[in-house]
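As structure tokens, the structure follows; a few thoughts come after it.
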Protein chains: 2
Amino acid sequence: MPPAGLPNAGASVADVAERLAAVVGASQVLTDPETRRSFEVDWTGRFGGPSCIVVRPGSTAEVSEVVKICRDMPIVTQGGNTGLVGGGVPWQSQPDQPGPVVLSTTRLDDLQPVDRVAAQVTAGAGVTLARLQSHATQARLNFPVDLAARDTATVGGMVATNAGGLHVLRYGTMRAQVVGLEAVLADGSVLTRMSGLVKDNTGYDISQLLVGSEGTLGVITAARLRLVAAHDEKVVALLGFAGTAEALAAVDVLRRNVEGLQAAEIFFEDGLDLVRSHARLAAPLPQSWPAYLVVEAAALDDPSEQMYGALSELDLPDTATAVATDPAGQARLWAYREHHTEAVSSIGIPHKLDVTLPQSRLADFEHAVRKVVADAAPGSRLVLFGHIGDGNLHVNVVGPDPEDEAVDDAVLRLVAEMDGSISAEHGVGRAKARWLGLSRSESERSAMLKVKRALDPRGTMNPGVLFDLSG
Amino acid sequence: MPPAGLPNAGASVADVAERLAAVVGASQVLTDPETRRSFEVDWTGRFGGPSCIVVRPGSTAEVSEVVKICRDMPIVTQGGNTGLVGGGVPWQSQPDQPGPVVLSTTRLDDLQPVDRVAAQVTAGAGVTLARLQSHATQARLNFPVDLAARDTATVGGMVATNAGGLHVLRYGTMRAQVVGLEAVLADGSVLTRMSGLVKDNTGYDISQLLVGSEGTLGVITAARLRLVAAHDEKVVALLGFAGTAEALAAVDVLRRNVEGLQAAEIFFEDGLDLVRSHARLAAPLPQSWPAYLVVEAAALDDPSEQMYGALSELDLPDTATAVATDPAGQARLWAYREHHTEAVSSIGIPHKLDVTLPQSRLADFEHAVRKVVADAAPGSRLVLFGHIGDGNLHVNVVGPDPEDEAVDDAVLRLVAEMDGSISAEHGVGRAKARWLGLSRSESERSAMLKVKRALDPRGTMNPGVLFDLSG
């Protein structure tokens, strides 16, 4: 499935632009290179390439027309452009190729009133996470997925990449929130499954197939999403441990005894040192520990008692425990975890890997990856942190040139050997496509490719994403 | 995709049986009509037909070999044979056709130790729900899906049909419990995704595509399933209401105020009268009400206080409220709901429909369906009950001949007009295939068929299920 590099049957880019303008309005078809620029590169600046046209349809019907008009041209769907794997921007193409159409979903920003009886809401693909969250809160409900890019990330992009974030432990990933989708497939047909039926066993769940498909099967135009009860009562604890194994055992105890447990985040002594010097923070505990957890519970009734009960069962020393029941104290404890990303970036351009391990192998992996990184990139600096409650670690390596992928390759191979996933929540995009075989067997890739070819026989939907075209 | 009615390239059934025996052992290939009989009809006696062979492989590798040997023959996969829509048994074929191969999964009954750290377990397709539940309980965890057929229904069948049951409100359907699958596709290839990774964004989730596919895409051989915390503290309430709208409003209040709410079941005055006379039960409340709810909450700490708080907010009269905090009292309240199925069957062979409505239209539907049934089947008896927390109603009509589907057709058309689903949790099978178009649009059915053809190009996996072959 090579990208179809040329517009339809001899039509020039100008012809296509004119036909698109007739559908979406001339002001929503960007052909000028300057105005297209911001759509052609991701926010990290690492991925991107030229487009031929940027088009911004304003409705599902317009998306369908756009897809039909561009049916022989490669289409890259772009939401808030906050992805980390180059899945939402064009690629470096040959100079004689015009580049793909970028279909921006940001104008699909209709946000319907919250359905309080069903505890659901219908949101256009272009609605930002922050707007969705605030909309739910006004109805005294909560949208359970949260992540740092909330002001820019869109519902469509989050569905297409099955976004994760901080509360997966309790509420699952974006997949678990999707009770229905509206989408336009490669042939321009519109799939609509928006009644919000929790139980609907009438054949294959095409909505769920589109979740995490990264724009390769169609364009998601709207989603019907579940909301959960809002919780006013919260408790946060920061705990010190001798190592990852001890921290994992603690998560098990917490999970069994604290009903509203919604986050369990790990970081390590060297990461904490880096964060403290970067953000000028005092030590969180009276003594240093090799590994740390930040855990959070939220409930209708104050969850502190259950948290204290679990901590008492864990029998940790006083020097390993800090608990906050007030918002200011909670923010102070969270800061040690939250400053990790910027602290890492302050010492260089990191190689960022986002992996999951089976929980039973996480402790072994933490030891092994230190050795693998030291061997593959001597003198580099490794900072590990992540969502231990889901087995998800962010592996950051500062030192090797950004273009030198030897350390990425070594770490991902280790992950595969230990039955892990090469992408936990960021997706595969173009950046990881060449490593997909490490996580998915030949039978799986073959089944995936059959599905891809069945729904996108021309291979025009986000070519190069998921399936490596170079090899 | 007509069923391939004949064995492979001229091979006789006896030849195929011999080849199968070489793989699974002669005792696991049933060719004698008498021993095949129990596999050829469903438990209601309504659906069934002749098979040519029943084969019982004992491992995933054997399933793969069986599928390869039978590659040009139609294959019906059968678990515990507790389905209600004829999806797991052969069909009435032409006399000159030999009938399909029945692949029984009951010998795939390996149940691995509970992974306590991940709160997951790996179960073979043939493991019964009751065995799985008891296994989880021994590890002080809980498998959250529960249904009446627990002693016979198998993991494979429950995944293939995306089983629902009593606790969907809290934990979702079977789909939400599946963190990985092992399956054999139509070409005999084995898909394995069993590391139990909660976050694994590496392409299409083929496991989720197989959930609810009713044997039409492959044979599920094992599942990796999530477990949840076991809850010792429970409270049950039986409440009376003026109608469905009032009951729905109460569910909203309960959902917001009772964290461990895990069941919200509705039934009506006429159904209660029938149950009371059938099971000889005293009245649950000092006065009669048009509609009733049974609600249940379970938690680590006693949820009674939250339940009493919600009931106080609802401000129901004393004559509309019964609460039980002890197991015997809870069983007494549940009995009014649980006896509905057998009470209905005691007055005749019911037409059983299993539908979901958007919660906002459930009250209107309840009124409308009474009129539609009275018109389509004058003099019949309609009994409604179901999982109101999920919008799921079981519509039972006693009176019309079982073969006369006029009332089924009228009810399902009403459901479709009101944006509902013609199958909430039972699936489509062969029984509902002709009505699939009421719930899924032409675009959706076209996408489903493309996926089916991509993964099962010969159309041999459970032909006639989901996709109607007669029209």
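As shown in the structure tokens, the chain order sets the letters A, B, ...; within each chain, residues go from 1, and ligands are also counted from 1 in the order they appear.
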Problem set entry | Exercise: region 424-439 of chain B partners within 6 Å, only C-alpha atoms, chain neighbours under 6 positions left out, as JSON, numbers by chain | {"A": [199, 200, 201, 202], "B": [85, 86, 87, 161, 163, 164, 354, 355, 356, 416, 464, 465, 466, 467, 468]}
For this session: Might you pull out every residue within 8 Å of Gln359 (chain A), with only C-alpha atoms counted and same-chain residues fewer than 4 positions away left off, and present them as a PyMOL selection string?
Result: (chain A and resi 248+390-391) or (chain B and resi 117-118)
Could you take the residues named above and write them with N, CA and C atoms, as a short mmCIF file (atom, residue, chain, number, x, y, z; two decimals), in the first residue's frame?
```
data_model
loop_
_atom_site.label_atom_id
_atom_site.label_comp_id
_atom_site.auth_asym_id
_atom_site.auth_seq_id
_atom_site.Cartn_x
_atom_site.Cartn_y
_atom_site.Cartn_z
N LEU A 248 5.47 -2.41 43.99
CA LEU A 248 4.40 -3.19 43.35
C LEU A 248 3.56 -3.94 44.37
N ASP A 390 -0.73 0.43 35.95
CA ASP A 390 -1.07 -0.19 34.67
C ASP A 390 0.13 -0.93 34.05
N GLY A 391 1.25 -1.00 34.76
CA GLY A 391 2.44 -1.63 34.20
C GLY A 391 3.15 -0.77 33.17
N VAL B 117 -0.94 -9.98 41.47
CA VAL B 117 -0.37 -8.65 41.27
C VAL B 117 -1.14 -7.89 40.18
N ALA B 118 -1.43 -8.58 39.08
CA ALA B 118 -2.15 -7.93 37.99
C ALA B 118 -3.66 -7.99 38.18
#
```
Exercise. In terms of the shortest atom-to-atom distance over only C-alpha atoms, which of B:Ser446, B:Gly196, B:Ile349, B:Val184 is closest to Asp404 (chain B)?
Worked result: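 Between B:Ser446, B:Gly196, B:Ile349, B:Val184, the residue approaching Asp404 (chain B) most closely is B:Ile349.
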Problem set entry | Per-residue DSSP, region 42-245 of chain B, filtered to helix (DSSP H, G or I), as a PyMOL selection string | chain B and resi 60-69+129-138+155-160+168-171+174-177+206-210+244-245
Exercise. Which residue gives the smallest distance to chain A among B:Leu129, B:Met174, B:Ala249, B:Ala328, with only C-alpha atoms counted?
Worked result: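 Among B:Leu129, B:Met174, B:Ala249, B:Ala328, it is B:Ala249 that comes nearest to chain A.
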Exercise. What is the CA of Val179 (chain A) to CA of Gly203 (chain B) distance in Å?
Worked result: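 Straight-line distance from CA of Val179 (chain A) to CA of Gly203 (chain B) works out to 19.9 Å.
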For this session: Would you list, as a PyMOL selection string, the residues of region 77-266 of chain A that end up in strand (DSSP E) under DSSP run on this structure's backbone?
Result: chain A and resi 77-78+101-104+120-124+141-142+178-185+190-192+218-226+228-229+233-241+261-266
Problem set entry | Ala374 (chain B) surroundings by only C-alpha atoms, 12 Å radius, close-in-sequence under 2 positions cut, as a list in words |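 So, after excluding close chain neighbours, the residues are His367, Ala368, Val369, Arg370, Lys371, Val372, Ala376, Ala377, Pro378, Gly379, Ser380, Arg381, Leu382, Val397, Val398, Gly399, Pro400, Ala406, Val407, Ala410 and Val411 of chain B.
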Could you save the residues just selected, with all heavy atoms, as a compact mmCIF listing (two decimals), in the first residue's frame?
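Saved to result.txt:
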```
# COMPACT_ATOMS: atom_id res chain seq x y z
N HIS B 367 -44.38 2.16 27.60
CA HIS B 367 -45.79 2.39 27.26
C HIS B 367 -46.10 1.88 25.85
O HIS B 367 -47.07 1.17 25.62
CB HIS B 367 -46.12 3.88 27.36
CG HIS B 367 -46.12 4.38 28.76
ND1 HIS B 367 -47.09 4.00 29.67
CD2 HIS B 367 -45.27 5.20 29.43
CE1 HIS B 367 -46.83 4.58 30.85
NE2 HIS B 367 -45.74 5.30 30.72
N ALA B 368 -45.22 2.25 24.90
CA ALA B 368 -45.50 1.94 23.50
C ALA B 368 -45.51 0.44 23.23
O ALA B 368 -46.34 -0.06 22.45
CB ALA B 368 -44.46 2.63 22.61
N VAL B 369 -44.63 -0.30 23.90
CA VAL B 369 -44.53 -1.73 23.59
C VAL B 369 -45.80 -2.46 24.05
O VAL B 369 -46.22 -3.44 23.44
CB VAL B 369 -43.25 -2.36 24.20
CG1 VAL B 369 -43.37 -2.57 25.69
CG2 VAL B 369 -42.92 -3.68 23.49
N ARG B 370 -46.43 -1.95 25.09
CA ARG B 370 -47.68 -2.61 25.54
C ARG B 370 -48.75 -2.50 24.45
O ARG B 370 -49.47 -3.46 24.17
CB ARG B 370 -48.17 -1.96 26.85
CG ARG B 370 -47.23 -2.23 28.03
CD ARG B 370 -47.79 -1.77 29.37
NE ARG B 370 -46.78 -1.83 30.42
CZ ARG B 370 -46.44 -2.95 31.07
NH1 ARG B 370 -47.04 -4.10 30.79
NH2 ARG B 370 -45.49 -2.93 31.99
N LYS B 371 -48.80 -1.35 23.82
CA LYS B 371 -49.79 -1.15 22.75
C LYS B 371 -49.45 -2.00 21.52
O LYS B 371 -50.31 -2.64 20.92
CB LYS B 371 -49.85 0.34 22.40
CG LYS B 371 -50.87 0.66 21.32
CD LYS B 371 -51.18 2.14 21.23
CE LYS B 371 -52.03 2.50 20.02
NZ LYS B 371 -52.57 1.39 19.25
N VAL B 372 -48.14 -1.98 21.16
CA VAL B 372 -47.69 -2.72 19.97
C VAL B 372 -47.97 -4.22 20.14
O VAL B 372 -48.45 -4.89 19.21
CB VAL B 372 -46.20 -2.45 19.70
CG1 VAL B 372 -45.60 -3.53 18.82
CG2 VAL B 372 -46.02 -1.07 19.08
N ALA B 376 -50.39 -6.46 17.84
CA ALA B 376 -49.80 -7.53 17.00
C ALA B 376 -50.26 -8.91 17.46
O ALA B 376 -50.29 -9.85 16.66
CB ALA B 376 -48.27 -7.44 17.01
N ALA B 377 -50.54 -9.05 18.73
CA ALA B 377 -50.92 -10.36 19.26
C ALA B 377 -52.04 -10.18 20.29
O ALA B 377 -51.82 -10.30 21.49
CB ALA B 377 -49.69 -11.04 19.90
N PRO B 378 -53.25 -9.90 19.78
CA PRO B 378 -54.36 -9.64 20.70
C PRO B 378 -54.58 -10.84 21.63
O PRO B 378 -54.48 -11.99 21.20
CB PRO B 378 -55.56 -9.45 19.75
CG PRO B 378 -54.99 -9.15 18.41
CD PRO B 378 -53.67 -9.86 18.37
N GLY B 379 -54.84 -10.52 22.90
CA GLY B 379 -55.09 -11.59 23.87
C GLY B 379 -53.84 -12.23 24.44
O GLY B 379 -53.91 -13.11 25.29
N SER B 380 -52.64 -11.79 23.96
CA SER B 380 -51.41 -12.38 24.49
C SER B 380 -51.08 -11.75 25.84
O SER B 380 -51.67 -10.75 26.25
CB SER B 380 -50.26 -12.14 23.51
OG SER B 380 -49.99 -10.75 23.44
N ARG B 381 -50.12 -12.35 26.53
CA ARG B 381 -49.73 -11.83 27.83
C ARG B 381 -48.28 -11.32 27.71
O ARG B 381 -47.39 -12.04 27.28
CB ARG B 381 -49.81 -12.96 28.86
CG ARG B 381 -49.82 -12.46 30.26
CD ARG B 381 -50.66 -13.37 31.14
NE ARG B 381 -50.40 -13.05 32.54
CZ ARG B 381 -50.76 -13.80 33.54
NH1 ARG B 381 -51.41 -14.95 33.33
NH2 ARG B 381 -50.49 -13.44 34.79
N LEU B 382 -48.08 -10.07 28.10
CA LEU B 382 -46.75 -9.44 28.00
C LEU B 382 -46.16 -9.29 29.40
O LEU B 382 -46.80 -8.74 30.30
CB LEU B 382 -46.90 -8.05 27.37
CG LEU B 382 -45.68 -7.12 27.42
CD1 LEU B 382 -44.53 -7.68 26.59
CD2 LEU B 382 -46.05 -5.73 26.93
N VAL B 397 -43.47 -12.43 25.53
CA VAL B 397 -44.87 -12.46 25.09
C VAL B 397 -45.33 -13.92 25.05
O VAL B 397 -44.72 -14.74 24.35
CB VAL B 397 -45.03 -11.83 23.69
CG1 VAL B 397 -46.50 -11.81 23.29
CG2 VAL B 397 -44.44 -10.43 23.65
N VAL B 398 -46.37 -14.21 25.80
CA VAL B 398 -46.93 -15.57 25.80
C VAL B 398 -48.28 -15.53 25.12
O VAL B 398 -49.11 -14.67 25.45
CB VAL B 398 -47.06 -16.12 27.24
CG1 VAL B 398 -47.62 -17.56 27.20
CG2 VAL B 398 -45.71 -16.10 27.94
N GLY B 399 -48.49 -16.44 24.20
CA GLY B 399 -49.77 -16.48 23.47
C GLY B 399 -49.56 -16.92 22.05
O GLY B 399 -49.96 -18.02 21.67
N PRO B 400 -48.90 -16.12 21.21
CA PRO B 400 -48.74 -16.50 19.80
C PRO B 400 -47.93 -17.79 19.66
O PRO B 400 -47.05 -18.07 20.48
CB PRO B 400 -47.96 -15.33 19.19
CG PRO B 400 -48.10 -14.20 20.14
CD PRO B 400 -48.31 -14.80 21.50
N ALA B 406 -44.78 -12.61 14.08
CA ALA B 406 -45.36 -11.28 13.85
C ALA B 406 -45.12 -10.35 15.04
O ALA B 406 -44.78 -9.17 14.87
CB ALA B 406 -46.85 -11.41 13.57
N VAL B 407 -45.29 -10.87 16.25
CA VAL B 407 -45.12 -10.00 17.41
C VAL B 407 -43.64 -9.62 17.60
O VAL B 407 -43.32 -8.49 17.96
CB VAL B 407 -45.73 -10.64 18.69
CG1 VAL B 407 -44.88 -11.80 19.21
CG2 VAL B 407 -45.91 -9.59 19.77
N ALA B 410 -42.94 -6.88 15.17
CA ALA B 410 -43.54 -5.60 15.56
C ALA B 410 -42.73 -4.94 16.69
O ALA B 410 -42.47 -3.73 16.68
CB ALA B 410 -44.99 -5.81 15.98
N VAL B 411 -42.34 -5.75 17.68
CA VAL B 411 -41.59 -5.19 18.81
C VAL B 411 -40.22 -4.69 18.35
O VAL B 411 -39.79 -3.59 18.71
CB VAL B 411 -41.43 -6.24 19.94
CG1 VAL B 411 -40.47 -5.74 21.01
CG2 VAL B 411 -42.79 -6.56 20.56
```
Problem set entry | Atomic separation - CA of Ala299 (chain A) relative to CA of Thr325 (chain A), Å |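 Between CA of Thr325 (chain A) and CA of Ala299 (chain A) the gap is 12.6 Å.
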Problem set entry | For Gly165 (chain A): contacts at 7 Å, only C-alpha atoms, fewer than 3 positions along chain excluded, given as a list in words |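 Listing them by chain and then by number gives Val145, Asp146, Leu147 and Val168 of chain A.
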Name all residues at most 12 Å from Asp252 (chain B) (count only C-alpha atoms; drop same-chain ones fewer than 6 positions away) and give them as a PDB file with N, CA, C and O atoms, in the first residue's frame.
```
ATOM      1  N   ASP A 115     -26.251  14.135  28.901  1.00  0.00           N
ATOM      2  CA  ASP A 115     -27.408  13.279  29.152  1.00  0.00           C
ATOM      3  C   ASP A 115     -27.228  12.734  30.564  1.00  0.00           C
ATOM      4  O   ASP A 115     -26.481  11.790  30.797  1.00  0.00           O
ATOM      5  N   ARG A 116     -27.927  13.350  31.509  1.00  0.00           N
ATOM      6  CA  ARG A 116     -27.692  12.991  32.908  1.00  0.00           C
ATOM      7  C   ARG A 116     -28.241  11.617  33.255  1.00  0.00           C
ATOM      8  O   ARG A 116     -27.682  10.909  34.085  1.00  0.00           O
ATOM      9  N   VAL A 117     -29.344  11.243  32.628  1.00  0.00           N
ATOM     10  CA  VAL A 117     -29.933   9.938  32.948  1.00  0.00           C
ATOM     11  C   VAL A 117     -28.983   8.814  32.534  1.00  0.00           C
ATOM     12  O   VAL A 117     -28.742   7.869  33.279  1.00  0.00           O
ATOM     13  N   ALA A 118     -28.409   8.942  31.341  1.00  0.00           N
ATOM     14  CA  ALA A 118     -27.504   7.906  30.851  1.00  0.00           C
ATOM     15  C   ALA A 118     -26.077   8.127  31.347  1.00  0.00           C
ATOM     16  O   ALA A 118     -25.238   7.234  31.243  1.00  0.00           O
ATOM     17  N   ALA A 119     -25.783   9.314  31.911  1.00  0.00           N
ATOM     18  CA  ALA A 119     -24.421   9.695  32.264  1.00  0.00           C
ATOM     19  C   ALA A 119     -23.500   9.571  31.038  1.00  0.00           C
ATOM     20  O   ALA A 119     -22.489   8.861  31.059  1.00  0.00           O
ATOM     21  N   ARG A 140     -22.237  18.052  37.207  1.00  0.00           N
ATOM     22  CA  ARG A 140     -21.894  17.272  38.404  1.00  0.00           C
ATOM     23  C   ARG A 140     -21.487  15.843  38.062  1.00  0.00           C
ATOM     24  O   ARG A 140     -21.730  14.908  38.817  1.00  0.00           O
ATOM     25  N   LEU A 141     -20.847  15.697  36.903  1.00  0.00           N
ATOM     26  CA  LEU A 141     -20.270  14.410  36.528  1.00  0.00           C
ATOM     27  C   LEU A 141     -18.807  14.649  36.169  1.00  0.00           C
ATOM     28  O   LEU A 141     -18.323  15.784  36.225  1.00  0.00           O
ATOM     29  N   VAL A 228     -18.609   9.650  34.547  1.00  0.00           N
ATOM     30  CA  VAL A 228     -18.677   8.947  35.837  1.00  0.00           C
ATOM     31  C   VAL A 228     -19.029   9.952  36.937  1.00  0.00           C
ATOM     32  O   VAL A 228     -18.990  11.164  36.729  1.00  0.00           O
ATOM     33  N   ALA A 229     -19.357   9.431  38.092  1.00  0.00           N
ATOM     34  CA  ALA A 229     -19.724  10.289  39.217  1.00  0.00           C
ATOM     35  C   ALA A 229     -18.546  11.198  39.582  1.00  0.00           C
ATOM     36  O   ALA A 229     -17.390  10.784  39.545  1.00  0.00           O
TER      37      ALA A 229
ATOM     38  N   LEU B 169     -23.943  -2.676  34.912  1.00  0.00           N
ATOM     39  CA  LEU B 169     -24.026  -1.318  35.433  1.00  0.00           C
ATOM     40  C   LEU B 169     -22.711  -0.857  36.061  1.00  0.00           C
ATOM     41  O   LEU B 169     -22.283   0.281  35.890  1.00  0.00           O
ATOM     42  N   ALA B 245     -40.721   6.048  34.451  1.00  0.00           N
ATOM     43  CA  ALA B 245     -40.009   7.333  34.501  1.00  0.00           C
ATOM     44  C   ALA B 245     -39.521   7.622  35.918  1.00  0.00           C
ATOM     45  O   ALA B 245     -38.372   8.042  36.120  1.00  0.00           O
ATOM     46  N   GLU B 246     -40.377   7.360  36.905  1.00  0.00           N
ATOM     47  CA  GLU B 246     -39.992   7.593  38.294  1.00  0.00           C
ATOM     48  C   GLU B 246     -38.878   6.632  38.721  1.00  0.00           C
ATOM     49  O   GLU B 246     -37.963   7.014  39.448  1.00  0.00           O
ATOM     50  N   VAL B 258     -24.559   6.296  45.575  1.00  0.00           N
ATOM     51  CA  VAL B 258     -24.166   4.991  46.120  1.00  0.00           C
ATOM     52  C   VAL B 258     -23.034   4.448  45.261  1.00  0.00           C
ATOM     53  O   VAL B 258     -23.240   4.008  44.139  1.00  0.00           O
ATOM     54  N   LEU B 261     -22.959   0.787  43.721  1.00  0.00           N
ATOM     55  CA  LEU B 261     -24.183   0.312  43.052  1.00  0.00           C
ATOM     56  C   LEU B 261     -23.817  -0.652  41.931  1.00  0.00           C
ATOM     57  O   LEU B 261     -23.047  -0.301  41.042  1.00  0.00           O
ATOM     58  N   ALA B 264     -29.429  -2.694  39.104  1.00  0.00           N
ATOM     59  CA  ALA B 264     -30.670  -1.917  39.158  1.00  0.00           C
ATOM     60  C   ALA B 264     -31.627  -2.596  38.189  1.00  0.00           C
ATOM     61  O   ALA B 264     -31.526  -2.430  36.978  1.00  0.00           O
ATOM     62  N   ALA B 310     -29.318   7.910  49.947  1.00  0.00           N
ATOM     63  CA  ALA B 310     -29.958   8.086  48.640  1.00  0.00           C
ATOM     64  C   ALA B 310     -31.469   7.914  48.758  1.00  0.00           C
ATOM     65  O   ALA B 310     -32.244   8.665  48.160  1.00  0.00           O
ATOM     66  N   LEU B 311     -31.904   6.928  49.549  1.00  0.00           N
ATOM     67  CA  LEU B 311     -33.350   6.699  49.698  1.00  0.00           C
ATOM     68  C   LEU B 311     -33.996   7.896  50.383  1.00  0.00           C
ATOM     69  O   LEU B 311     -35.116   8.299  50.038  1.00  0.00           O
ATOM     70  N   GLU B 313     -32.917  10.960  50.127  1.00  0.00           N
ATOM     71  CA  GLU B 313     -33.001  12.001  49.104  1.00  0.00           C
ATOM     72  C   GLU B 313     -34.183  11.750  48.155  1.00  0.00           C
ATOM     73  O   GLU B 313     -34.820  12.692  47.679  1.00  0.00           O
ATOM     74  N   LEU B 314     -34.470  10.485  47.890  1.00  0.00           N
ATOM     75  CA  LEU B 314     -35.593  10.152  46.999  1.00  0.00           C
ATOM     76  C   LEU B 314     -36.933  10.424  47.664  1.00  0.00           C
ATOM     77  O   LEU B 314     -37.949  10.583  46.985  1.00  0.00           O
ATOM     78  N   GLN B 359     -31.543   5.340  27.551  1.00  0.00           N
ATOM     79  CA  GLN B 359     -32.220   5.492  28.846  1.00  0.00           C
ATOM     80  C   GLN B 359     -33.294   6.571  28.782  1.00  0.00           C
ATOM     81  O   GLN B 359     -34.335   6.457  29.418  1.00  0.00           O
ATOM     82  N   SER B 360     -33.042   7.593  27.961  1.00  0.00           N
ATOM     83  CA  SER B 360     -34.001   8.693  27.899  1.00  0.00           C
ATOM     84  C   SER B 360     -35.316   8.278  27.222  1.00  0.00           C
ATOM     85  O   SER B 360     -36.302   8.992  27.283  1.00  0.00           O
ATOM     86  N   ILE B 388     -32.549  -2.302  34.117  1.00  0.00           N
ATOM     87  CA  ILE B 388     -32.863  -0.920  33.766  1.00  0.00           C
ATOM     88  C   ILE B 388     -31.625  -0.030  33.847  1.00  0.00           C
ATOM     89  O   ILE B 388     -31.510   0.968  33.127  1.00  0.00           O
ATOM     90  N   GLY B 389     -30.684  -0.408  34.680  1.00  0.00           N
ATOM     91  CA  GLY B 389     -29.450   0.368  34.806  1.00  0.00           C
ATOM     92  C   GLY B 389     -28.670   0.438  33.504  1.00  0.00           C
ATOM     93  O   GLY B 389     -27.859   1.347  33.304  1.00  0.00           O
ATOM     94  N   ASP B 390     -28.870  -0.514  32.613  1.00  0.00           N
ATOM     95  CA  ASP B 390     -28.196  -0.525  31.312  1.00  0.00           C
ATOM     96  C   ASP B 390     -29.153  -0.220  30.173  1.00  0.00           C
ATOM     97  O   ASP B 390     -28.774  -0.329  29.008  1.00  0.00           O
TER      98      ASP B 390
END
```
Exercise. Between CA of Asp42 (chain B) and CA of Asn81 (chain B), what is the spacing in Å?
Worked result: 6.1 Å
